$ cat final-v2.txt   # compact mmCIF, C-alpha atoms
# COMPACT_ATOMS: atom_id res chain seq x y z
CA MET E 1 107.64 56.12 108.55
CA VAL E 2 104.99 58.71 107.72
CA ASN E 3 101.55 57.32 106.91
CA THR E 4 99.30 60.16 108.07
CA ILE E 5 99.89 63.88 107.68
CA SER E 6 97.85 66.63 109.27
CA VAL E 7 97.85 70.09 107.67
CA ILE E 8 96.70 72.87 109.99
CA GLY E 9 95.16 75.72 108.01
CA LEU E 10 93.50 75.03 104.65
CA GLY E 11 94.05 78.31 102.85
CA TYR E 12 96.07 79.28 99.79
CA ILE E 13 99.09 77.24 100.95
CA GLY E 14 97.64 74.63 103.29
CA LEU E 15 95.04 73.17 100.93
CA PRO E 16 97.39 72.73 97.94
CA THR E 17 100.02 71.23 100.27
CA ALA E 18 97.52 68.80 101.78
CA THR E 19 96.25 67.86 98.34
CA LEU E 20 99.71 67.13 96.94
CA PHE E 21 100.50 64.73 99.80
CA ALA E 22 97.09 63.10 99.35
CA SER E 23 97.78 62.69 95.62
CA ARG E 24 100.77 60.52 96.62
CA LYS E 25 98.30 58.21 98.38
CA LEU E 26 99.14 59.34 101.88
CA ARG E 27 96.35 59.84 104.41
CA VAL E 28 95.93 63.57 104.95
CA ILE E 29 93.80 65.22 107.62
CA GLY E 30 93.19 68.88 106.91
CA VAL E 31 92.26 71.06 109.88
CA ASP E 32 90.63 74.48 109.63
CA VAL E 33 88.65 76.65 112.04
CA SER E 34 86.02 77.37 109.37
CA GLN E 35 83.19 74.87 109.18
CA HIS E 36 82.37 76.21 105.72
CA VAL E 37 85.88 75.43 104.49
CA VAL E 38 85.75 71.94 106.02
CA ASP E 39 82.36 71.15 104.51
CA THR E 40 83.37 72.49 101.10
CA ILE E 41 86.50 70.33 100.95
CA ASN E 42 84.71 67.22 102.19
CA ARG E 43 82.30 67.62 99.27
CA GLY E 44 85.30 67.54 96.96
CA ASN E 45 85.10 71.26 96.22
CA ILE E 46 87.44 74.18 96.90
CA HIS E 47 86.93 77.64 98.42
CA ILE E 48 89.87 79.33 96.69
CA ILE E 49 90.90 79.76 93.07
CA GLU E 50 94.05 77.94 91.98
CA PRO E 51 94.52 76.21 88.60
CA GLU E 52 94.03 72.41 88.69
CA LEU E 53 93.47 72.36 92.45
CA ASP E 54 89.76 71.56 92.12
CA ILE E 55 90.49 68.44 90.08
CA LEU E 56 93.09 67.14 92.54
CA VAL E 57 90.94 67.87 95.61
CA GLN E 58 87.96 66.08 94.12
CA ALA E 59 90.07 63.03 93.25
CA ALA E 60 91.79 62.93 96.68
CA VAL E 61 88.51 63.23 98.60
CA ARG E 62 86.77 60.59 96.49
CA ALA E 63 89.69 58.18 96.93
CA GLY E 64 89.58 58.71 100.69
CA TYR E 65 93.08 60.15 101.02
CA LEU E 66 91.98 63.66 102.01
CA ARG E 67 89.42 64.71 104.57
CA ALA E 68 88.88 67.90 106.51
CA THR E 69 87.86 68.57 110.10
CA THR E 70 87.72 71.40 112.60
CA ARG E 71 89.51 69.41 115.32
CA ALA E 72 93.10 68.18 115.29
CA GLN E 73 93.55 64.42 115.22
CA PRO E 74 96.56 62.12 115.70
CA ALA E 75 99.03 61.96 112.79
CA ASP E 76 102.67 61.16 112.13
CA ALA E 77 103.51 64.65 110.89
CA PHE E 78 101.88 68.05 111.34
CA ILE E 79 102.35 70.94 108.93
CA ILE E 80 101.24 74.32 110.26
CA ALA E 81 100.19 76.70 107.46
CA VAL E 82 98.17 79.38 109.23
CA PRO E 83 98.24 83.16 108.67
CA THR E 84 100.81 85.38 110.34
CA PRO E 85 99.42 88.90 109.95
CA LEU E 86 100.62 92.15 111.45
CA THR E 87 99.23 93.92 114.46
CA THR E 88 98.02 97.51 114.13
CA ASP E 89 101.49 98.73 115.10
CA GLN E 90 103.21 96.59 112.42
CA ARG E 91 104.41 93.83 114.72
CA PRO E 92 104.18 90.07 113.97
CA ASP E 93 100.95 88.49 115.19
CA LEU E 94 101.76 84.89 116.12
CA SER E 95 98.37 84.21 117.68
CA TYR E 96 97.33 81.89 114.84
CA ILE E 97 100.48 79.83 115.30
CA GLU E 98 99.86 79.69 119.02
CA ALA E 99 96.27 78.54 118.41
CA ALA E 100 97.57 75.83 116.07
CA ALA E 101 100.05 74.70 118.73
CA ARG E 102 97.29 74.50 121.35
CA ALA E 103 95.15 72.52 118.90
CA ILE E 104 97.71 69.84 118.05
CA ALA E 105 99.37 69.53 121.47
CA PRO E 106 96.77 67.10 122.94
CA VAL E 107 97.19 64.64 120.04
CA LEU E 108 100.99 64.67 119.75
CA GLU E 109 102.76 61.35 120.20
CA LYS E 110 106.40 60.41 120.61
CA GLY E 111 108.17 60.42 117.24
CA ASN E 112 105.90 63.04 115.64
CA LEU E 113 107.24 65.72 113.32
CA VAL E 114 105.92 69.30 113.50
CA ILE E 115 106.76 71.67 110.64
CA LEU E 116 106.03 75.38 110.71
CA GLU E 117 105.43 76.65 107.15
CA SER E 118 103.82 79.93 108.13
CA THR E 119 106.00 82.94 107.39
CA SER E 120 107.39 83.82 110.79
CA SER E 121 109.59 86.18 112.71
CA VAL E 122 113.06 84.91 113.58
CA GLY E 123 112.79 82.60 116.57
CA ALA E 124 109.17 81.60 115.96
CA SER E 125 110.02 77.88 115.73
CA GLU E 126 111.59 78.07 119.17
CA ILE E 127 108.50 79.84 120.50
CA LEU E 128 106.33 77.12 118.92
CA ALA E 129 108.43 74.46 120.66
CA LYS E 130 107.96 76.23 123.99
CA TRP E 131 104.19 76.46 123.54
CA LEU E 132 104.02 72.74 122.77
CA ALA E 133 106.29 71.88 125.69
CA ASP E 134 104.16 73.92 128.08
CA ALA E 135 101.08 72.03 126.93
CA ARG E 136 102.70 68.56 126.94
CA THR E 137 105.01 68.21 129.91
CA ASP E 138 105.04 64.44 129.37
CA LEU E 139 106.98 64.85 126.10
CA VAL E 140 110.48 66.19 125.48
CA PHE E 141 111.13 68.81 122.79
CA PRO E 142 114.24 69.83 120.81
CA HIS E 143 115.06 72.90 122.90
CA GLN E 144 115.10 70.64 125.97
CA LEU E 145 117.06 67.59 124.81
CA GLY E 146 118.33 68.24 121.29
CA ASP E 147 118.45 65.22 118.98
CA ASP E 148 117.08 62.95 121.73
CA ALA E 149 113.76 64.83 121.89
CA ASP E 150 110.45 63.01 121.52
CA ILE E 151 109.10 65.52 119.01
CA HIS E 152 110.95 66.87 115.95
CA ILE E 153 110.35 70.51 114.95
CA ALA E 154 111.46 72.30 111.79
CA HIS E 155 110.70 75.43 109.79
CA CYS E 156 110.15 75.23 106.04
CA PRO E 157 108.83 78.46 104.50
CA GLU E 158 106.66 78.29 101.43
CA ARG E 159 107.87 80.27 98.42
CA VAL E 160 105.22 79.88 95.74
CA LEU E 161 103.47 82.14 93.25
CA PRO E 162 99.65 82.29 93.27
CA GLY E 163 98.38 80.79 90.05
CA ARG E 164 101.34 78.37 89.98
CA VAL E 165 101.16 76.99 93.52
CA LEU E 166 100.81 73.30 92.66
CA HIS E 167 103.64 73.39 90.16
CA GLU E 168 105.99 75.35 92.40
CA LEU E 169 105.29 73.26 95.52
CA VAL E 170 106.72 70.35 93.55
CA ALA E 171 109.40 72.03 91.41
CA ASN E 172 110.86 74.70 93.71
CA ASP E 173 113.80 74.13 96.03
CA ARG E 174 112.85 74.07 99.71
CA VAL E 175 114.85 75.58 102.55
CA ILE E 176 114.48 73.36 105.60
CA GLY E 177 115.64 74.46 109.02
CA GLY E 178 115.39 71.91 111.78
CA MET E 179 115.92 72.72 115.43
CA THR E 180 118.32 69.75 115.44
CA THR E 181 119.95 67.50 112.84
CA LYS E 182 117.34 64.79 113.37
CA CYS E 183 114.59 67.38 112.99
CA SER E 184 116.02 68.46 109.63
CA ASP E 185 116.44 64.86 108.47
CA ALA E 186 112.84 64.04 109.33
CA ALA E 187 111.53 67.13 107.53
CA VAL E 188 113.61 66.42 104.41
CA ALA E 189 112.30 62.84 104.29
CA LEU E 190 108.72 64.17 104.44
CA TYR E 191 109.11 66.79 101.72
CA LYS E 192 110.97 64.41 99.44
CA LEU E 193 107.68 62.52 99.12
CA VAL E 194 106.36 65.37 96.95
CA VAL E 195 109.18 67.82 96.19
CA GLN E 196 111.29 67.39 93.06
CA GLY E 197 113.41 70.46 93.78
CA GLU E 198 116.37 70.35 96.13
CA CYS E 199 115.77 70.25 99.88
CA ILE E 200 118.47 72.48 101.36
CA VAL E 201 119.18 72.08 105.07
CA THR E 202 120.02 74.90 107.44
CA ASP E 203 119.11 75.83 111.01
CA ALA E 204 115.62 77.02 111.95
CA ARG E 205 116.52 80.68 112.47
CA THR E 206 118.24 80.94 109.09
CA ALA E 207 115.27 79.32 107.38
CA GLU E 208 112.94 81.81 109.06
CA MET E 209 115.18 84.70 108.04
CA CYS E 210 115.53 83.42 104.47
CA LYS E 211 111.85 83.92 103.62
CA LEU E 212 111.84 87.40 105.16
CA VAL E 213 114.95 88.39 103.23
CA GLU E 214 113.60 87.09 99.91
CA ASN E 215 110.48 89.21 100.17
CA SER E 216 112.28 92.23 101.60
CA PHE E 217 114.65 92.17 98.61
CA ARG E 218 111.67 92.30 96.27
CA ASP E 219 109.98 95.00 98.34
CA VAL E 220 113.03 97.27 98.22
CA ASN E 221 113.28 96.93 94.45
CA ILE E 222 109.58 97.62 93.98
CA ALA E 223 109.90 100.67 96.22
CA PHE E 224 112.63 102.05 93.96
CA ALA E 225 110.31 101.70 90.94
CA ASN E 226 107.37 103.24 92.78
CA GLU E 227 109.41 106.18 94.04
CA LEU E 228 110.80 106.65 90.53
CA SER E 229 107.26 106.84 89.12
CA ILE E 230 106.40 109.64 91.58
CA ILE E 231 109.56 111.57 90.70
CA CYS E 232 108.89 111.18 86.97
CA ASP E 233 105.30 112.36 87.39
CA SER E 234 106.53 115.55 89.09
CA GLN E 235 109.05 116.15 86.30
CA GLY E 236 106.73 115.46 83.36
CA ILE E 237 108.66 112.36 82.31
CA ASP E 238 107.11 109.10 81.04
CA VAL E 239 108.37 106.62 83.63
CA TRP E 240 107.65 103.64 81.38
CA GLU E 241 109.82 105.00 78.57
CA LEU E 242 112.50 105.93 81.10
CA ILE E 243 112.59 102.40 82.52
CA ARG E 244 112.73 100.86 79.04
CA LEU E 245 115.73 103.03 78.23
CA ALA E 246 117.50 102.50 81.58
CA ASN E 247 117.01 98.74 81.36
CA ARG E 248 119.03 98.65 78.13
CA HIS E 249 122.06 99.00 80.38
CA PRO E 250 123.49 95.48 80.79
CA ARG E 251 123.55 95.70 84.59
CA VAL E 252 120.28 97.55 85.23
CA SER E 253 116.91 95.86 85.68
CA ILE E 254 114.34 98.27 87.12
CA LEU E 255 110.98 96.71 87.97
CA ALA E 256 107.62 98.09 86.85
CA PRO E 257 105.88 100.61 89.13
CA SER E 258 102.46 99.83 90.53
CA CYS E 259 99.74 101.24 92.77
CA GLY E 260 101.46 99.70 95.80
CA VAL E 261 102.37 96.28 97.12
CA GLY E 262 99.93 93.65 98.34
CA GLY E 263 99.62 89.97 99.10
CA HIS E 264 100.32 87.97 102.22
CA CYS E 265 104.11 88.07 101.79
CA ILE E 266 105.82 91.14 100.33
CA ALA E 267 103.50 93.63 102.03
CA VAL E 268 103.96 91.95 105.41
CA ASP E 269 107.25 90.07 105.75
CA PRO E 270 109.64 93.08 105.73
CA TRP E 271 107.94 94.39 108.88
CA PHE E 272 108.99 91.15 110.62
CA LEU E 273 112.61 92.08 109.95
CA VAL E 274 112.05 95.67 111.05
CA ASP E 275 110.51 94.40 114.27
CA SER E 276 113.44 92.10 115.02
CA ALA E 277 116.12 94.69 114.19
CA PRO E 278 114.51 98.17 114.32
CA GLU E 279 117.78 100.11 114.53
CA GLU E 280 119.49 98.21 111.71
CA ALA E 281 116.68 97.73 109.16
CA LYS E 282 116.61 101.34 107.93
CA LEU E 283 116.40 100.68 104.18
CA ILE E 284 113.84 97.91 104.62
CA ARG E 285 111.62 100.17 106.74
CA THR E 286 111.88 103.02 104.22
CA ALA E 287 110.95 100.72 101.34
CA ARG E 288 107.88 99.56 103.23
CA GLU E 289 106.87 103.17 103.89
CA VAL E 290 107.32 104.11 100.22
CA ASN E 291 105.18 101.21 99.03
CA ASP E 292 102.54 101.73 101.72
CA ALA E 293 102.26 105.39 100.70
CA LYS E 294 101.75 104.72 96.99
CA PRO E 295 97.96 104.12 97.21
CA GLY E 296 97.54 107.53 98.84
CA TRP E 297 99.50 109.13 96.02
CA VAL E 298 97.22 107.44 93.46
CA ILE E 299 94.13 108.68 95.31
CA ASP E 300 95.51 112.23 95.34
CA LYS E 301 96.15 111.98 91.59
CA ILE E 302 92.54 110.96 91.04
CA GLY E 303 91.40 113.89 93.16
CA ARG E 304 93.41 116.24 90.94
CA ALA E 305 91.83 114.63 87.85
CA ILE E 306 88.36 115.32 89.26
CA SER E 307 89.28 118.95 89.82
CA GLU E 308 90.55 119.25 86.24
CA LEU E 309 87.30 117.83 84.87
CA MET E 310 85.29 120.29 86.93
CA ARG E 311 87.45 123.20 85.75
CA ALA E 312 86.73 122.06 82.21
CA GLY E 313 83.01 122.44 82.89
CA MET E 314 81.89 118.98 84.01
CA ALA E 315 79.46 118.89 86.91
CA PHE E 316 80.67 116.98 89.98
CA ASP E 317 77.43 114.95 90.04
CA ASP E 318 78.17 113.64 86.53
CA ILE E 319 81.65 112.31 87.27
CA ARG E 320 82.09 108.52 87.35
CA ILE E 321 85.20 106.59 88.34
CA ALA E 322 86.04 103.01 87.27
CA CYS E 323 88.75 101.05 89.08
CA LEU E 324 90.23 98.40 86.83
CA GLY E 325 91.33 95.49 88.98
CA ILE E 326 91.13 95.15 92.76
CA SER E 327 93.09 91.93 93.45
CA TYR E 328 96.61 92.30 94.81
CA LYS E 329 98.24 91.14 91.56
CA ALA E 330 97.33 90.14 88.03
CA ASP E 331 95.07 87.23 87.10
CA ILE E 332 94.15 85.99 90.58
CA ASP E 333 91.19 86.51 92.93
CA ASP E 334 93.34 87.08 96.03
CA LEU E 335 92.52 90.34 97.82
CA ARG E 336 94.89 90.02 100.78
CA GLU E 337 96.60 93.35 101.53
CA SER E 338 95.55 94.57 98.07
CA PRO E 339 96.52 98.21 97.46
CA ALA E 340 94.04 98.29 94.58
CA LEU E 341 91.20 97.29 96.90
CA ARG E 342 92.35 99.93 99.39
CA ILE E 343 92.28 102.58 96.67
CA ALA E 344 88.82 101.54 95.44
CA THR E 345 87.49 101.51 99.01
CA ASN E 346 88.82 104.97 99.84
CA LEU E 347 87.47 106.37 96.57
CA ALA E 348 84.05 104.86 97.29
CA ARG E 349 84.02 106.51 100.70
CA CYS E 350 85.11 109.88 99.33
CA TYR E 351 82.94 109.84 96.20
CA GLU E 352 79.79 108.01 97.23
CA GLY E 353 77.84 106.44 94.39
CA LYS E 354 80.43 107.36 91.75
CA VAL E 355 82.72 104.32 91.81
CA SER E 356 82.52 101.05 89.92
CA VAL E 357 85.06 98.24 89.69
CA VAL E 358 86.10 95.83 86.98
CA GLU E 359 87.46 92.58 88.39
CA PRO E 360 87.24 89.62 86.00
CA ASN E 361 88.34 87.17 88.70
CA LEU E 362 85.38 87.91 91.00
CA ASP E 363 81.65 87.30 90.57
CA THR E 364 80.49 89.65 93.32
CA VAL E 365 81.61 92.87 94.94
CA PRO E 366 83.72 91.99 98.01
CA MET E 367 83.67 93.57 101.44
CA PRO E 368 83.81 96.42 102.20
CA LEU E 369 82.86 97.64 98.72
CA ASP E 370 79.50 95.86 98.91
CA LYS E 371 78.47 98.29 101.66
CA LEU E 372 79.61 101.39 99.74
CA GLN E 373 77.30 101.43 96.70
CA VAL E 374 80.05 100.11 94.42
CA SER E 375 78.93 98.21 91.34
CA LEU E 376 80.80 95.42 89.55
CA VAL E 377 80.86 96.11 85.79
CA ASN E 378 82.64 94.66 82.78
CA LEU E 379 85.45 96.42 80.96
CA ASP E 380 83.29 97.63 78.07
CA GLN E 381 80.81 99.21 80.47
CA ALA E 382 83.61 100.92 82.37
CA ILE E 383 85.13 102.40 79.22
CA GLU E 384 81.73 103.59 78.04
CA GLN E 385 80.48 105.04 81.34
CA ALA E 386 83.49 106.33 83.29
CA ASN E 387 85.06 109.76 83.06
CA ILE E 388 88.07 108.59 85.05
CA LEU E 389 89.56 105.15 84.41
CA VAL E 390 92.05 103.94 87.01
CA MET E 391 94.23 101.04 85.86
CA LEU E 392 95.29 99.34 89.08
CA VAL E 393 96.02 95.72 88.13
CA ASP E 394 97.44 94.52 84.80
CA HIS E 395 95.14 91.53 84.27
CA ALA E 396 95.72 89.69 80.99
CA GLY E 397 92.20 90.65 79.87
CA PHE E 398 93.08 94.34 80.26
CA LYS E 399 96.39 94.06 78.44
CA SER E 400 94.75 92.38 75.46
CA VAL E 401 92.39 95.35 74.94
CA LYS E 402 93.36 98.46 73.00
CA PRO E 403 90.73 101.00 74.06
CA ARG E 404 90.09 104.29 72.30
CA LEU E 405 89.38 106.89 74.94
CA SER E 406 87.99 110.33 74.28
CA ARG E 407 89.84 113.47 75.35
CA THR E 408 87.11 114.07 77.95
CA GLN E 409 88.14 110.87 79.74
CA VAL E 410 91.05 110.78 82.18
CA LEU E 411 93.26 107.70 82.41
CA VAL E 412 95.28 107.08 85.56
CA ASP E 413 97.40 104.12 84.51
CA THR E 414 99.51 102.78 87.38
CA ARG E 415 100.67 99.81 85.29
CA GLY E 416 101.57 101.54 82.01
CA ILE E 417 99.62 99.21 79.72
CA TRP E 418 97.30 101.71 78.01
CA SER E 419 99.79 104.42 77.04
CA ASP E 420 98.28 104.73 73.54
CA ALA E 421 94.64 104.74 74.60
CA TYR E 422 93.67 108.20 73.35
CA ASN E 423 92.32 109.04 69.92
CA ASP E 424 94.39 111.55 67.98

$ encode --input "final-v2.txt" --output "structure tokens"
Amino acid sequence: MVNTISVIGLGYIGLPTATLFASRKLRVIGVDVSQHVVDTINRGNIHIIEPELDILVQAAVRAGYLRATTRAQPADAFIIAVPTPLTTDQRPDLSYIEAAARAIAPVLEKGNLVILESTSSVGASEILAKWLADARTDLVFPHQLGDDADIHIAHCPERVLPGRVLHELVANDRVIGGMTTKCSDAAVALYKLVVQGECIVTDARTAEMCKLVENSFRDVNIAFANELSIICDSQGIDVWELIRLANRHPRVSILAPSCGVGGHCIAVDPWFLVDSAPEEAKLIRTAREVNDAKPGWVIDKIGRAISELMRAGMAFDDIRIACLGISYKADIDDLRESPALRIATNLARCYEGKVSVVEPNLDTVPMPLDKLQVSLVNLDQAIEQANILVMLVDHAGFKSVKPRLSRTQVLVDTRGIWSDAYND
């Protein structure tokens, strides 16, 4: 019987997850290393942007079902939802998971369930079990005694879309991989308290691999579109028209090109597969390299546009660049691994004092742009003031506008939404 749940990590996944369990009138203890995050949540507020989350957090805190702390406390079930970034040499960094294990180990009790939701390299659940076992030699873990272990451990990767997290946490199917049958059964029973989708049971390694494969599949397909856009640019072909025509084939569905790939999943997870099978994951590695190189290609294209303006007689000092969108995808404030932010940052460093950004989902200029003389302007100001407009993110507010640009303005449209922006 689960009465109290502890969620370790109160970010884009952890806080919505904690809140959903609390909305079912279960006691939820949220744990985060940031005192600011803890204080914000305990006031009934949120530190991230996600539709409807603020209302649910406020209600859960006021009703006493959700509270946050910086120290792990006893619970019946623990859900670990901490970051799993890459090291500088593109290897999985499991240090946050290890820190979470060290935090909960002292408060574990016989019969507890520990679920790893963090996107992980294959075998991470087994490593987690070992860390916990090393810290609690008085308890028995699944890798030591199978179904007769004191502690149950399972992996259940999140698979939600920012902007729809609350809905998808409830509606989406969940892949649940327990280290033993009893581990899987315990995890399914927990998720069934909030999940309306199907809970599909497999082993822990397959569950870990499943999330990596899902995002690698998407990354490979995006890489094809991005490489196609570069080829078309070199051949003088409109890639957007080409894709529209090709997609009329009943078995072809080419994705839209972009300025790169960002976010905490697609830009990171394929490297976990490459790390685990470096000799075999050739296509996956190449796709990652193609997508990682796209921001540099966009920056080079902007450099060529500056040279063209100067050849046409414009003084370098008069040139202004506006970057339209810096989040990693449309209509969110999330900047994690954002190629658009990387492009804006590199431009600001190369062209000091000439760069502004339009980001309707932010109120202030984020780091490191705030240190690089970059101003935050609205779309009308950008269109009026900039000589070079760089469409990086297809926010709904951008798509709803039909600008009329002069022939002295250069448009670098990585999303293909302003193809008819020039006056005749």

$ atom_distance --input "final-v2.txt" --atom1 "atom CA of E:Ile104" --atom2 "atom CA of E:Thr181"
23.0 Å

$ residues_around --input "final-v2.txt" --residues "stretch 406-419 of chain E" --least-positions-apart "6" --cutoff "6 Å" --atoms "all atoms listed in the file" --output "list in words"
Ser258, Cys259, Asn387, Ile388, Leu389, Val390, Met391 and Leu392 of chain E

$ atom_distance --input "final-v2.txt" --atom1 "atom CA of E:Val355" --atom2 "atom CA of E:Val239"
27.0 Å

$ residues_near_point --input "final-v2.txt" --point "(102.4, 83.6, 113.7)" --cutoff "8 Å" --atoms "all atoms listed in the file" --output "ChimeraX atom specification"
/E:82-85,92-98,118-121,124

$ atom_distance --input "final-v2.txt" --atom1 "atom CA of E:Val201" --atom2 "atom CA of E:Ile13"
21.1 Å

$ residues_around --input "final-v2.txt" --residues "E:Asn45" --least-positions-apart "6" --cutoff "12 Å" --atoms "only C-alpha atoms" --output "count of residues only"
20

$ residues_near_point --input "final-v2.txt" --point "(105.9, 92.6, 106.3)" --cutoff "12 Å" --atoms "only C-alpha atoms" --output "ChimeraX atom specification"
/E:84-87,89-93,119-121,211-220,261-276,284-285,287-289,291-292,337

$ residues_around --input "final-v2.txt" --residues "E:Asp147" --least-positions-apart "6" --cutoff "8 Å" --atoms "all atoms listed in the file" --output "MDAnalysis selection string"
chainID E and resid 180:183

$ residues_around --input "final-v2.txt" --residues "stretch 158-164 of chain E" --least-positions-apart "2" --cutoff "8 Å" --atoms "all atoms listed in the file" --output "VMD selection string"
chain E and resid 13 50 to 51 117 to 119 156 166 to 169 172 174 211 331 to 332

$ residues_around --input "final-v2.txt" --residues "stretch 378-386 of chain E" --least-positions-apart "6" --cutoff "9 Å" --atoms "only C-alpha atoms" --output "VMD selection string"
chain E and resid 319 to 324 355 to 360 397 to 398 403 to 405 409 to 410

$ closest_residue --input "final-v2.txt" --among "E:Ile49, E:Ile80, E:Leu242, E:Met314" --to "E:Ser125" --atoms "all atoms listed in the file"
E:Ile80

$ closest_residue --input "final-v2.txt" --among "E:Val107, E:Ile115, E:Val33, E:Ile299" --to "E:Ala135" --atoms "all atoms listed in the file"
E:Val107

$ closest_residue --input "final-v2.txt" --among "E:Leu193, E:Ala340, E:Val31, E:Leu309" --to "E:Val7" --atoms "only C-alpha atoms"
E:Val31

$ closest_residue --input "final-v2.txt" --among "E:Leu335, E:Ile48, E:Leu20, E:Leu128" --to "E:Lys192" --atoms "all atoms listed in the file"
E:Leu20
